[in-house]
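Peer 1: Contents of model.cif (mmCIF, C-alpha atoms):
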data_target
loop_
_atom_site.label_atom_id
_atom_site.label_comp_id
_atom_site.auth_asym_id
_atom_site.auth_seq_id
_atom_site.Cartn_x
_atom_site.Cartn_y
_atom_site.Cartn_z
CA MET A 1 -21.65 26.65 8.28
CA ALA A 2 -21.84 25.34 11.84
CA THR A 3 -19.04 26.36 14.18
CA PHE A 4 -17.75 24.45 17.18
CA SER A 5 -16.12 25.63 20.34
CA ARG A 6 -12.84 24.03 21.32
CA GLN A 7 -14.57 21.86 23.92
CA GLU A 8 -17.21 20.69 21.40
CA PHE A 9 -14.51 19.98 18.85
CA PHE A 10 -12.52 17.74 21.19
CA GLN A 11 -15.72 16.06 22.36
CA GLN A 12 -16.68 15.27 18.77
CA LEU A 13 -13.13 14.07 18.08
CA LEU A 14 -13.25 11.77 21.11
CA GLN A 15 -16.74 10.36 20.52
CA GLY A 16 -16.74 10.28 16.74
CA CYS A 17 -13.17 9.19 16.01
CA LEU A 18 -10.93 8.07 18.84
CA LEU A 19 -13.34 5.90 20.85
CA PRO A 20 -14.86 4.11 17.80
CA THR A 21 -11.37 3.48 16.42
CA VAL A 22 -10.13 2.01 19.70
CA GLN A 23 -13.28 -0.10 20.07
CA GLN A 24 -13.05 -1.47 16.53
CA GLY A 25 -9.36 -2.20 17.03
CA LEU A 26 -10.02 -4.11 20.24
CA ASP A 27 -12.89 -6.02 18.62
CA GLN A 28 -10.51 -7.10 15.87
CA ILE A 29 -7.47 -8.10 17.89
CA TRP A 30 -8.72 -9.48 21.22
CA LEU A 31 -9.60 -12.83 19.69
CA LEU A 32 -6.31 -13.03 17.78
CA LEU A 33 -4.35 -12.23 20.91
CA THR A 34 -6.28 -14.90 22.85
CA ILE A 35 -5.60 -17.54 20.18
CA CYS A 36 -1.91 -16.58 20.00
CA PHE A 37 -1.63 -16.82 23.79
CA ALA A 38 -3.35 -20.23 23.81
CA CYS A 39 -1.09 -21.57 21.04
CA ARG A 40 1.98 -20.22 22.80
CA LEU A 41 0.91 -21.94 26.01
CA LEU A 42 0.27 -25.26 24.27
CA TRP A 43 3.67 -25.16 22.57
CA ARG A 44 5.37 -24.75 25.94
CA LEU A 45 3.69 -27.90 27.27
CA GLY A 46 5.20 -31.32 26.78
CA LEU A 47 2.73 -32.34 24.08
CA PRO A 48 3.52 -34.39 20.94
CA SER A 49 4.59 -32.34 17.93
CA TYR A 50 1.54 -33.27 15.86
CA LEU A 51 -0.80 -31.94 18.56
CA LYS A 52 1.06 -28.64 18.67
CA HIS A 53 0.81 -28.22 14.90
CA ALA A 54 -2.83 -29.29 14.92
CA SER A 55 -3.66 -26.66 17.55
CA THR A 56 -1.96 -23.96 15.45
CA VAL A 57 -3.90 -25.02 12.34
CA ALA A 58 -7.16 -25.03 14.31
CA GLY A 59 -6.44 -21.56 15.66
CA GLY A 60 -5.74 -20.28 12.16
CA PHE A 61 -8.96 -21.73 10.75
CA PHE A 62 -10.96 -20.30 13.63
CA SER A 63 -9.45 -16.86 13.04
CA LEU A 64 -10.32 -17.02 9.35
CA TYR A 65 -13.88 -18.02 10.17
CA HIS A 66 -14.17 -15.19 12.69
CA PHE A 67 -13.29 -12.59 10.05
CA PHE A 68 -14.73 -14.10 6.85
CA GLN A 69 -17.26 -16.74 7.96
CA LEU A 70 -17.88 -19.28 5.17
CA HIS A 71 -16.03 -17.08 2.67
CA MET A 72 -12.84 -18.31 4.32
CA VAL A 73 -13.01 -21.20 1.86
CA TRP A 74 -11.62 -18.93 -0.86
CA VAL A 75 -8.54 -18.09 1.23
CA VAL A 76 -8.00 -21.77 2.07
CA LEU A 77 -8.48 -22.75 -1.58
CA LEU A 78 -5.82 -20.26 -2.69
CA SER A 79 -3.37 -21.60 -0.10
CA LEU A 80 -3.96 -25.19 -1.22
CA LEU A 81 -3.63 -24.20 -4.87
CA CYS A 82 -0.31 -22.44 -4.20
CA TYR A 83 0.96 -25.48 -2.31
CA LEU A 84 -0.06 -27.74 -5.21
CA VAL A 85 1.72 -25.54 -7.78
CA LEU A 86 4.90 -25.42 -5.68
CA PHE A 87 4.78 -29.19 -5.22
CA LEU A 88 4.30 -29.92 -8.93
CA CYS A 89 7.00 -27.42 -9.95
CA ARG A 90 9.47 -28.24 -7.17
CA HIS A 91 12.14 -29.28 -9.70
CA SER A 92 11.54 -26.37 -12.11
CA SER A 93 13.58 -23.19 -12.14
CA HIS A 94 10.45 -21.25 -13.21
CA ARG A 95 8.26 -22.20 -10.26
CA GLY A 96 8.10 -18.55 -9.18
CA VAL A 97 6.62 -17.58 -12.56
CA PHE A 98 4.09 -20.43 -12.45
CA LEU A 99 3.08 -19.47 -8.92
CA SER A 100 2.70 -15.79 -9.86
CA VAL A 101 0.54 -16.62 -12.89
CA THR A 102 -1.62 -18.93 -10.76
CA ILE A 103 -2.19 -16.27 -8.12
CA LEU A 104 -2.92 -13.60 -10.76
CA ILE A 105 -5.51 -15.82 -12.48
CA TYR A 106 -7.10 -16.60 -9.12
CA LEU A 107 -7.29 -12.90 -8.23
CA LEU A 108 -8.85 -12.04 -11.58
CA MET A 109 -11.43 -14.81 -11.20
CA GLY A 110 -12.20 -13.59 -7.70
CA GLU A 111 -12.70 -10.03 -8.93
CA MET A 112 -14.98 -11.00 -11.81
CA HIS A 113 -16.83 -14.17 -10.90
CA MET A 114 -16.38 -15.96 -7.60
CA VAL A 115 -17.26 -13.54 -4.79
CA ASP A 116 -19.18 -10.28 -4.45
CA THR A 117 -17.00 -7.16 -4.64
CA VAL A 118 -17.24 -5.99 -1.02
CA THR A 119 -16.44 -9.41 0.49
CA TRP A 120 -13.64 -10.04 -1.99
CA HIS A 121 -11.97 -6.72 -1.24
CA LYS A 122 -12.01 -7.50 2.48
CA MET A 123 -10.39 -10.91 1.91
CA ARG A 124 -7.86 -9.60 -0.60
CA GLY A 125 -6.70 -6.97 1.86
CA ALA A 126 -6.40 -9.27 4.88
CA PRO A 127 -3.16 -8.41 6.99
CA TRP A 128 -1.13 -10.97 9.97
CA ASP A 129 1.78 -8.37 10.48
CA LEU A 130 1.43 -5.18 12.74
CA THR A 131 4.56 -3.44 11.41
CA VAL A 132 3.21 -2.70 7.95
CA SER A 133 3.84 1.03 7.67
CA ARG A 134 5.76 4.07 8.89
CA PRO A 135 2.97 6.60 9.56
CA LEU A 136 5.29 9.55 10.24
CA ASN A 137 6.90 9.19 6.81
CA VAL A 138 3.42 9.32 5.27
CA GLU A 139 2.02 12.22 7.29
CA LEU A 140 5.21 14.33 7.13
CA PRO A 141 6.94 13.01 4.01
CA ARG A 142 10.33 13.90 2.62
CA SER A 143 9.12 12.86 -0.83
CA MET A 144 6.40 10.94 -2.63
CA VAL A 145 8.88 8.10 -3.05
CA GLU A 146 9.11 7.89 0.74
CA VAL A 147 5.31 7.88 0.97
CA VAL A 148 4.77 4.94 -1.37
CA THR A 149 7.54 2.88 0.23
CA SER A 150 6.36 3.60 3.78
CA TRP A 151 2.62 3.13 3.19
CA ASN A 152 2.76 -0.68 3.07
CA LEU A 153 6.20 -2.07 3.86
CA PRO A 154 5.60 -5.76 3.03
CA MET A 155 3.96 -4.97 -0.33
CA SER A 156 6.62 -2.36 -1.12
CA TYR A 157 9.34 -4.92 -0.40
CA TRP A 158 7.65 -7.55 -2.55
CA LEU A 159 7.03 -5.19 -5.49
CA ASN A 160 10.59 -3.86 -5.35
CA ASN A 161 12.26 -7.28 -5.24
CA TYR A 162 10.02 -9.34 -7.50
CA VAL A 163 8.61 -6.79 -9.96
CA PHE A 164 10.73 -3.64 -10.17
CA LYS A 165 14.16 -5.30 -10.16
CA ASN A 166 13.08 -7.89 -12.73
CA ALA A 167 11.59 -5.18 -14.95
CA LEU A 168 14.67 -2.91 -14.86
CA ARG A 169 15.90 -4.49 -18.09
CA LEU A 170 13.07 -2.56 -19.79
CA GLY A 171 14.42 0.76 -18.48
CA THR A 172 13.77 2.67 -15.28
CA PHE A 173 10.58 4.43 -16.35
CA SER A 174 9.12 1.26 -17.86
CA ALA A 175 10.00 -0.64 -14.68
CA VAL A 176 8.20 1.99 -12.60
CA LEU A 177 5.09 1.71 -14.78
CA VAL A 178 5.12 -2.10 -14.62
CA THR A 179 5.50 -1.99 -10.82
CA TYR A 180 2.58 0.37 -10.31
CA ALA A 181 0.49 -1.59 -12.82
CA ALA A 182 1.16 -4.73 -10.77
CA SER A 183 0.18 -2.86 -7.62
CA ALA A 184 -3.04 -1.71 -9.31
CA LEU A 185 -3.89 -5.32 -10.21
CA LEU A 186 -3.26 -6.45 -6.65
CA HIS A 187 -5.54 -3.70 -5.37
CA GLY A 188 -8.39 -4.93 -7.56
CA PHE A 189 -10.49 -3.70 -10.46
CA SER A 190 -11.23 -0.20 -9.17
CA PHE A 191 -10.76 2.64 -11.62
CA HIS A 192 -10.05 5.31 -9.02
CA LEU A 193 -7.37 3.18 -7.31
CA ALA A 194 -5.76 2.39 -10.67
CA ALA A 195 -5.85 6.10 -11.55
CA VAL A 196 -4.20 7.04 -8.25
CA LEU A 197 -1.50 4.37 -8.56
CA LEU A 198 -0.65 5.16 -12.18
CA SER A 199 -0.56 8.87 -11.33
CA LEU A 200 1.84 7.98 -8.53
CA ALA A 201 4.04 6.23 -11.09
CA PHE A 202 4.53 9.48 -13.02
CA ILE A 203 4.79 11.66 -9.90
CA THR A 204 7.41 9.51 -8.18
CA TYR A 205 9.47 9.03 -11.35
CA VAL A 206 9.58 12.75 -12.16
CA GLU A 207 10.32 13.62 -8.53
CA HIS A 208 13.14 11.06 -8.40
CA VAL A 209 14.91 12.15 -11.59
CA LEU A 210 14.48 15.88 -10.83
CA ARG A 211 15.87 15.62 -7.31
CA LYS A 212 18.70 13.40 -8.54
CA ARG A 213 19.64 15.98 -11.20
CA LEU A 214 19.47 18.86 -8.71
CA ALA A 215 21.54 16.88 -6.20
CA GLN A 216 24.25 16.42 -8.85
CA ILE A 217 24.21 20.08 -9.91
CA LEU A 218 24.16 21.52 -6.38
CA SER A 219 26.13 18.68 -4.74
CA ALA A 220 23.51 18.63 -2.01
CA CYS A 221 21.63 15.96 -0.04
CA ILE A 222 18.25 16.57 -1.63
CA LEU A 223 17.55 13.14 -3.12
CA SER A 224 14.12 11.53 -2.77
CA LYS A 225 15.56 9.19 -0.16
CA ARG A 226 17.88 10.27 2.62
CA CYS A 227 21.56 10.04 1.77
CA LEU A 228 23.86 7.60 3.52
CA PRO A 229 26.24 9.07 6.15
CA ASP A 230 29.23 8.66 3.82
CA CYS A 231 27.71 10.33 0.75
CA SER A 232 29.94 12.53 -1.43
CA HIS A 233 27.70 15.62 -1.50
CA ARG A 234 29.39 18.87 -0.46
CA HIS A 235 26.26 20.41 1.09
CA ARG A 236 24.53 18.16 3.59
CA LEU A 237 22.89 20.05 6.46
CA GLY A 238 22.91 23.70 5.40
CA LEU A 239 19.97 26.07 5.41
CA GLY A 240 19.56 25.82 1.65
CA VAL A 241 19.48 22.01 1.78
CA ARG A 242 16.83 22.05 4.51
CA ALA A 243 14.78 24.63 2.60
CA LEU A 244 14.79 22.56 -0.60
CA ASN A 245 13.86 19.37 1.27
CA LEU A 246 11.02 21.23 3.01
CA LEU A 247 9.86 22.55 -0.35
CA PHE A 248 9.74 19.07 -1.85
CA GLY A 249 8.05 17.79 1.31
CA ALA A 250 5.35 20.45 0.95
CA LEU A 251 4.97 19.46 -2.70
CA ALA A 252 4.49 15.82 -1.61
CA ILE A 253 1.74 16.88 0.81
CA PHE A 254 0.09 18.78 -2.06
CA HIS A 255 0.16 15.65 -4.25
CA LEU A 256 -1.24 13.54 -1.39
CA SER A 257 -4.10 15.98 -0.84
CA TYR A 258 -4.89 15.99 -4.54
CA LEU A 259 -4.86 12.21 -4.91
CA GLY A 260 -6.75 11.76 -1.65
CA SER A 261 -9.58 13.98 -2.90
CA LEU A 262 -10.96 10.93 -4.74
CA PHE A 263 -11.80 9.17 -1.49
CA ASP A 264 -15.14 10.66 -0.49
CA VAL A 265 -15.80 10.40 3.24
CA ASP A 266 -19.52 11.12 2.77
CA VAL A 267 -20.36 7.95 0.84
CA ASP A 268 -21.49 4.70 2.44
CA ASP A 269 -19.05 1.87 3.15
CA THR A 270 -20.40 -0.35 0.36
CA THR A 271 -19.72 2.26 -2.32
CA GLU A 272 -16.23 2.86 -0.92
CA GLU A 273 -15.46 -0.87 -0.93
CA GLN A 274 -16.66 -1.31 -4.51
CA GLY A 275 -14.72 1.69 -5.74
CA TYR A 276 -15.61 4.83 -7.67
CA GLY A 277 -16.10 4.84 -11.41
CA MET A 278 -14.26 6.65 -14.18
CA ALA A 279 -16.83 9.45 -14.43
CA TYR A 280 -16.46 10.27 -10.72
CA THR A 281 -12.65 10.24 -10.93
CA VAL A 282 -12.50 12.50 -13.99
CA HIS A 283 -15.10 14.88 -12.52
CA LYS A 284 -13.28 15.15 -9.19
CA TRP A 285 -9.90 15.91 -10.73
CA SER A 286 -11.47 18.26 -13.27
CA GLU A 287 -12.87 20.31 -10.40
CA LEU A 288 -9.27 20.68 -9.20
CA SER A 289 -8.08 21.62 -12.72
CA TRP A 290 -5.83 18.54 -12.80
CA ALA A 291 -3.45 20.55 -10.64
CA SER A 292 -1.16 17.74 -9.49
CA HIS A 293 -0.75 16.37 -13.01
CA TRP A 294 0.09 19.83 -14.36
CA VAL A 295 2.62 20.42 -11.56
CA THR A 296 4.22 17.05 -12.34
CA PHE A 297 4.39 17.96 -16.04
CA GLY A 298 5.99 21.28 -15.14
CA CYS A 299 8.58 19.54 -12.96
CA TRP A 300 9.40 17.22 -15.85
CA ILE A 301 9.85 20.21 -18.21
CA PHE A 302 12.15 21.84 -15.64
CA TYR A 303 14.12 18.57 -15.33
CA ARG A 304 14.61 18.45 -19.10
CA LEU A 305 15.67 22.11 -19.22
CA ILE A 306 18.38 21.73 -16.59
CA GLY A 307 19.64 18.53 -18.21
#
Please lay out the structure from this file as structure tokens.
Peer 2:
Amino acid sequence: MATFSRQEFFQQLLQGCLLPTVQQGLDQIWLLLTICFACRLLWRLGLPSYLKHASTVAGGFFSLYHFFQLHMVWVVLLSLLCYLVLFLCRHSSHRGVFLSVTILIYLLMGEMHMVDTVTWHKMRGAPWDLTVSRPLNVELPRSMVEVVTSWNLPMSYWLNNYVFKNALRLGTFSAVLVTYAASALLHGFSFHLAAVLLSLAFITYVEHVLRKRLAQILSACILSKRCLPDCSHRHRLGLGVRALNLLFGALAIFHLSYLGSLFDVDVDDTTEEQGYGMAYTVHKWSELSWASHWVTFGCWIFYRLIG
């Protein structure tokens, strides 16, 4: 195995990671920043309202074309279709359901028929908000629950408000499964992503109920999410509380490492975009003896025993 000196390591880090990342980031955002600046300037001028709106629309279309070229038509078509559904159902109390079904059918058609997999995945994952995550909560997590809620804030908010809360009538565990199943559908037909997300459903549920039970027994602030300042727990900042939270944080890092093992950095970009198959996923986790799943099962057994 090749070894690197400290100077060679930092040189490789700079040339192979930091500089390419900065360059790709600048290539992606300089045009968007220029268009935003131009639109902002036009809106400050004393122009008619229709010209201001027209300039914003033109800037949006140009941005779409810059990223997706002629494939932008599929994004525009979805927007027009959503507008049509909302217009036709404007007097219905179920317009949200109709809109959701329309978008789901469109996504399924896009996955299976309309566009090639790599291009479709790029369009499906298109962002327009910079504050989409809390990286520190992901890299140094308190819990797996904190990881999944901090990874993508807009999607987490949407899934919580429009899927999880509506599915709670089925029971907490069923609502968790439905929420992660919806997330898997939104992420596309990729077996390894679906496997990761459904595994997360079990991991986060078991972690939540176990830490909730321990918090009740010990009267300590060791829940999956940080307690409010006025919580009723007797033990809040003691050494034991910190130790338990660190233990669960280390367990979350273990789960992340296990789930992240599916994402092979040595494959080409096309294979990564299309997703890995079932055989690869099963083989990869078999090599790791299904460790995370067994640990989760053990935590669930422990939760039942202390109940």
Peer 1: Which residue is closest to Leu246 (chain A)? Choose from A:Ser224, A:Gln69, A:Gln24, A:Ser286 and count only C-alpha atoms.
Peer 2: A:Ser224
Peer 1: In Å, how far is it from CA of Thr179 (chain A) to CA of Leu159 (chain A)?
Peer 2: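 These two atoms are separated by 6.4 Å.
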Peer 1: Which residue out of A:Ser289, A:Ser143, A:Asn160, A:Thr172 has the minimum interatomic distance to Arg211 (chain A) when only C-alpha atoms are used?
Peer 2: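 Selected residue with least distance to Arg211 (chain A): A:Ser143.
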Peer 1: Once the PyMOL selection byres ((chain A and resi 80-87) around 8) has been evaluated on this model, what residues remain selected, and can you format them as a PyMOL selection string?
Peer 2: chain A and resi 76-79+88-90+95+98-99+102-103
Peer 1: Hey, can you check how far CA of Asn161 (chain A) sits from CA of Leu177 (chain A)?
Peer 2: 14.9 Å
Peer 1: Would you mind listing what lies within 7 Å of Gly59 (chain A) as JSON, numbers by chain, with all atoms listed in the file counted and same-chain residues fewer than 4 positions away left out?
Peer 2: {"A": [35, 55, 63]}
Peer 1: Name the residues captured by the PyMOL selection byres ((chain A and resi 210) around 12) when it is applied to the shown file; answer as a short mmCIF file (atom, residue, chain, number, x, y, z; two decimals) with C-alpha atoms, in the frame of the given file.
Peer 2:
data_model
loop_
_atom_site.label_atom_id
_atom_site.label_comp_id
_atom_site.auth_asym_id
_atom_site.auth_seq_id
_atom_site.Cartn_x
_atom_site.Cartn_y
_atom_site.Cartn_z
CA SER A 143 9.12 12.86 -0.83
CA ILE A 203 4.79 11.66 -9.90
CA THR A 204 7.41 9.51 -8.18
CA TYR A 205 9.47 9.03 -11.35
CA VAL A 206 9.58 12.75 -12.16
CA GLU A 207 10.32 13.62 -8.53
CA HIS A 208 13.14 11.06 -8.40
CA VAL A 209 14.91 12.15 -11.59
CA ARG A 211 15.87 15.62 -7.31
CA LYS A 212 18.70 13.40 -8.54
CA ARG A 213 19.64 15.98 -11.20
CA LEU A 214 19.47 18.86 -8.71
CA ALA A 215 21.54 16.88 -6.20
CA GLN A 216 24.25 16.42 -8.85
CA ILE A 217 24.21 20.08 -9.91
CA ILE A 222 18.25 16.57 -1.63
CA LEU A 223 17.55 13.14 -3.12
CA SER A 224 14.12 11.53 -2.77
CA PHE A 248 9.74 19.07 -1.85
CA THR A 296 4.22 17.05 -12.34
CA PHE A 297 4.39 17.96 -16.04
CA GLY A 298 5.99 21.28 -15.14
CA CYS A 299 8.58 19.54 -12.96
CA TRP A 300 9.40 17.22 -15.85
CA ILE A 301 9.85 20.21 -18.21
CA PHE A 302 12.15 21.84 -15.64
CA TYR A 303 14.12 18.57 -15.33
CA ARG A 304 14.61 18.45 -19.10
CA LEU A 305 15.67 22.11 -19.22
CA ILE A 306 18.38 21.73 -16.59
CA GLY A 307 19.64 18.53 -18.21
#
Peer 1: Taking only C-alpha atoms into account, which of A:Gly260, A:Pro141, A:Gly240, A:Gly60 comes nearest Lys225 (chain A)?
Peer 2: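 Result for the nearest residue to Lys225 (chain A): A:Pro141.
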Peer 1: Can you work out the spacing between CA of Val282 (chain A) and CA of Leu256 (chain A) in Å, to one decimal?
Peer 2: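 Rounded to one decimal, the two atoms are 16.9 Å apart.
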Peer 1: Please provide as a ChimeraX atom specification all residues within 12 Å of Leu259 (chain A), with the sequence filter that same-chain residues fewer than 2 positions apart are discarded (counting all atoms listed in the file).
Peer 2: /A:144,192-200,203,252-257,261-264,281-282,284-285,288,290-293
Peer 1: From the list A:Leu185, A:Val101, A:Ala201, A:Val241, which residue is nearest Leu218 (chain A) when using all atoms listed in the file?
Peer 2: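 For Leu218 (chain A), the nearest of the candidates is A:Val241.
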Peer 1: Tell me which of A:Trp74, A:Leu33, A:Tyr162, A:Gln12 sits closest to Met109 (chain A), counting all atoms listed in the file.
Peer 2: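 Looking only at the distances to Met109 (chain A), the closest residue turns out to be A:Trp74.
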Peer 1: Would you mind writing region 51-67 of chain A with N, CA, C and O atoms, as a compact mmCIF listing (two decimals), keeping the file's coordinate frame?
Peer 2:
# COMPACT_ATOMS: atom_id res chain seq x y z
N LEU A 51 0.26 -32.65 17.85
CA LEU A 51 -0.80 -31.94 18.56
C LEU A 51 -0.54 -30.43 18.57
O LEU A 51 -1.47 -29.63 18.46
N LYS A 52 0.72 -30.05 18.70
CA LYS A 52 1.06 -28.64 18.67
C LYS A 52 0.72 -28.02 17.31
O LYS A 52 0.11 -26.95 17.22
N HIS A 53 1.11 -28.72 16.24
CA HIS A 53 0.81 -28.22 14.90
C HIS A 53 -0.69 -28.21 14.64
O HIS A 53 -1.22 -27.28 14.00
N ALA A 54 -1.38 -29.23 15.11
CA ALA A 54 -2.83 -29.29 14.92
C ALA A 54 -3.53 -28.13 15.63
O ALA A 54 -4.48 -27.54 15.11
N SER A 55 -3.05 -27.78 16.82
CA SER A 55 -3.66 -26.66 17.55
C SER A 55 -3.43 -25.33 16.82
O SER A 55 -4.31 -24.47 16.79
N THR A 56 -2.25 -25.18 16.22
CA THR A 56 -1.96 -23.96 15.45
C THR A 56 -2.86 -23.86 14.23
O THR A 56 -3.40 -22.79 13.91
N VAL A 57 -3.03 -24.99 13.52
CA VAL A 57 -3.90 -25.02 12.34
C VAL A 57 -5.34 -24.69 12.74
O VAL A 57 -6.04 -23.90 12.08
N ALA A 58 -5.79 -25.28 13.84
CA ALA A 58 -7.16 -25.03 14.31
C ALA A 58 -7.35 -23.56 14.67
O ALA A 58 -8.38 -22.96 14.36
N GLY A 59 -6.35 -22.97 15.32
CA GLY A 59 -6.44 -21.56 15.66
C GLY A 59 -6.50 -20.69 14.42
O GLY A 59 -7.25 -19.70 14.37
N GLY A 60 -5.72 -21.04 13.40
CA GLY A 60 -5.74 -20.28 12.16
C GLY A 60 -7.08 -20.36 11.46
O GLY A 60 -7.61 -19.35 10.98
N PHE A 61 -7.65 -21.57 11.38
CA PHE A 61 -8.96 -21.73 10.75
C PHE A 61 -10.05 -20.98 11.51
O PHE A 61 -10.93 -20.37 10.91
N PHE A 62 -9.96 -21.00 12.83
CA PHE A 62 -10.96 -20.30 13.63
C PHE A 62 -10.87 -18.79 13.41
O PHE A 62 -11.88 -18.09 13.35
N SER A 63 -9.64 -18.28 13.29
CA SER A 63 -9.45 -16.86 13.04
C SER A 63 -10.02 -16.47 11.68
O SER A 63 -10.68 -15.43 11.53
N LEU A 64 -9.76 -17.29 10.67
CA LEU A 64 -10.32 -17.02 9.35
C LEU A 64 -11.84 -17.01 9.38
O LEU A 64 -12.49 -16.14 8.78
N TYR A 65 -12.43 -17.96 10.09
CA TYR A 65 -13.88 -18.02 10.17
C TYR A 65 -14.44 -16.81 10.91
O TYR A 65 -15.50 -16.29 10.55
N HIS A 66 -13.71 -16.35 11.93
CA HIS A 66 -14.17 -15.19 12.69
C HIS A 66 -14.26 -13.95 11.81
O HIS A 66 -15.20 -13.15 11.93
N PHE A 67 -13.31 -13.78 10.89
CA PHE A 67 -13.29 -12.59 10.05
C PHE A 67 -14.12 -12.74 8.78
O PHE A 67 -14.74 -11.78 8.32
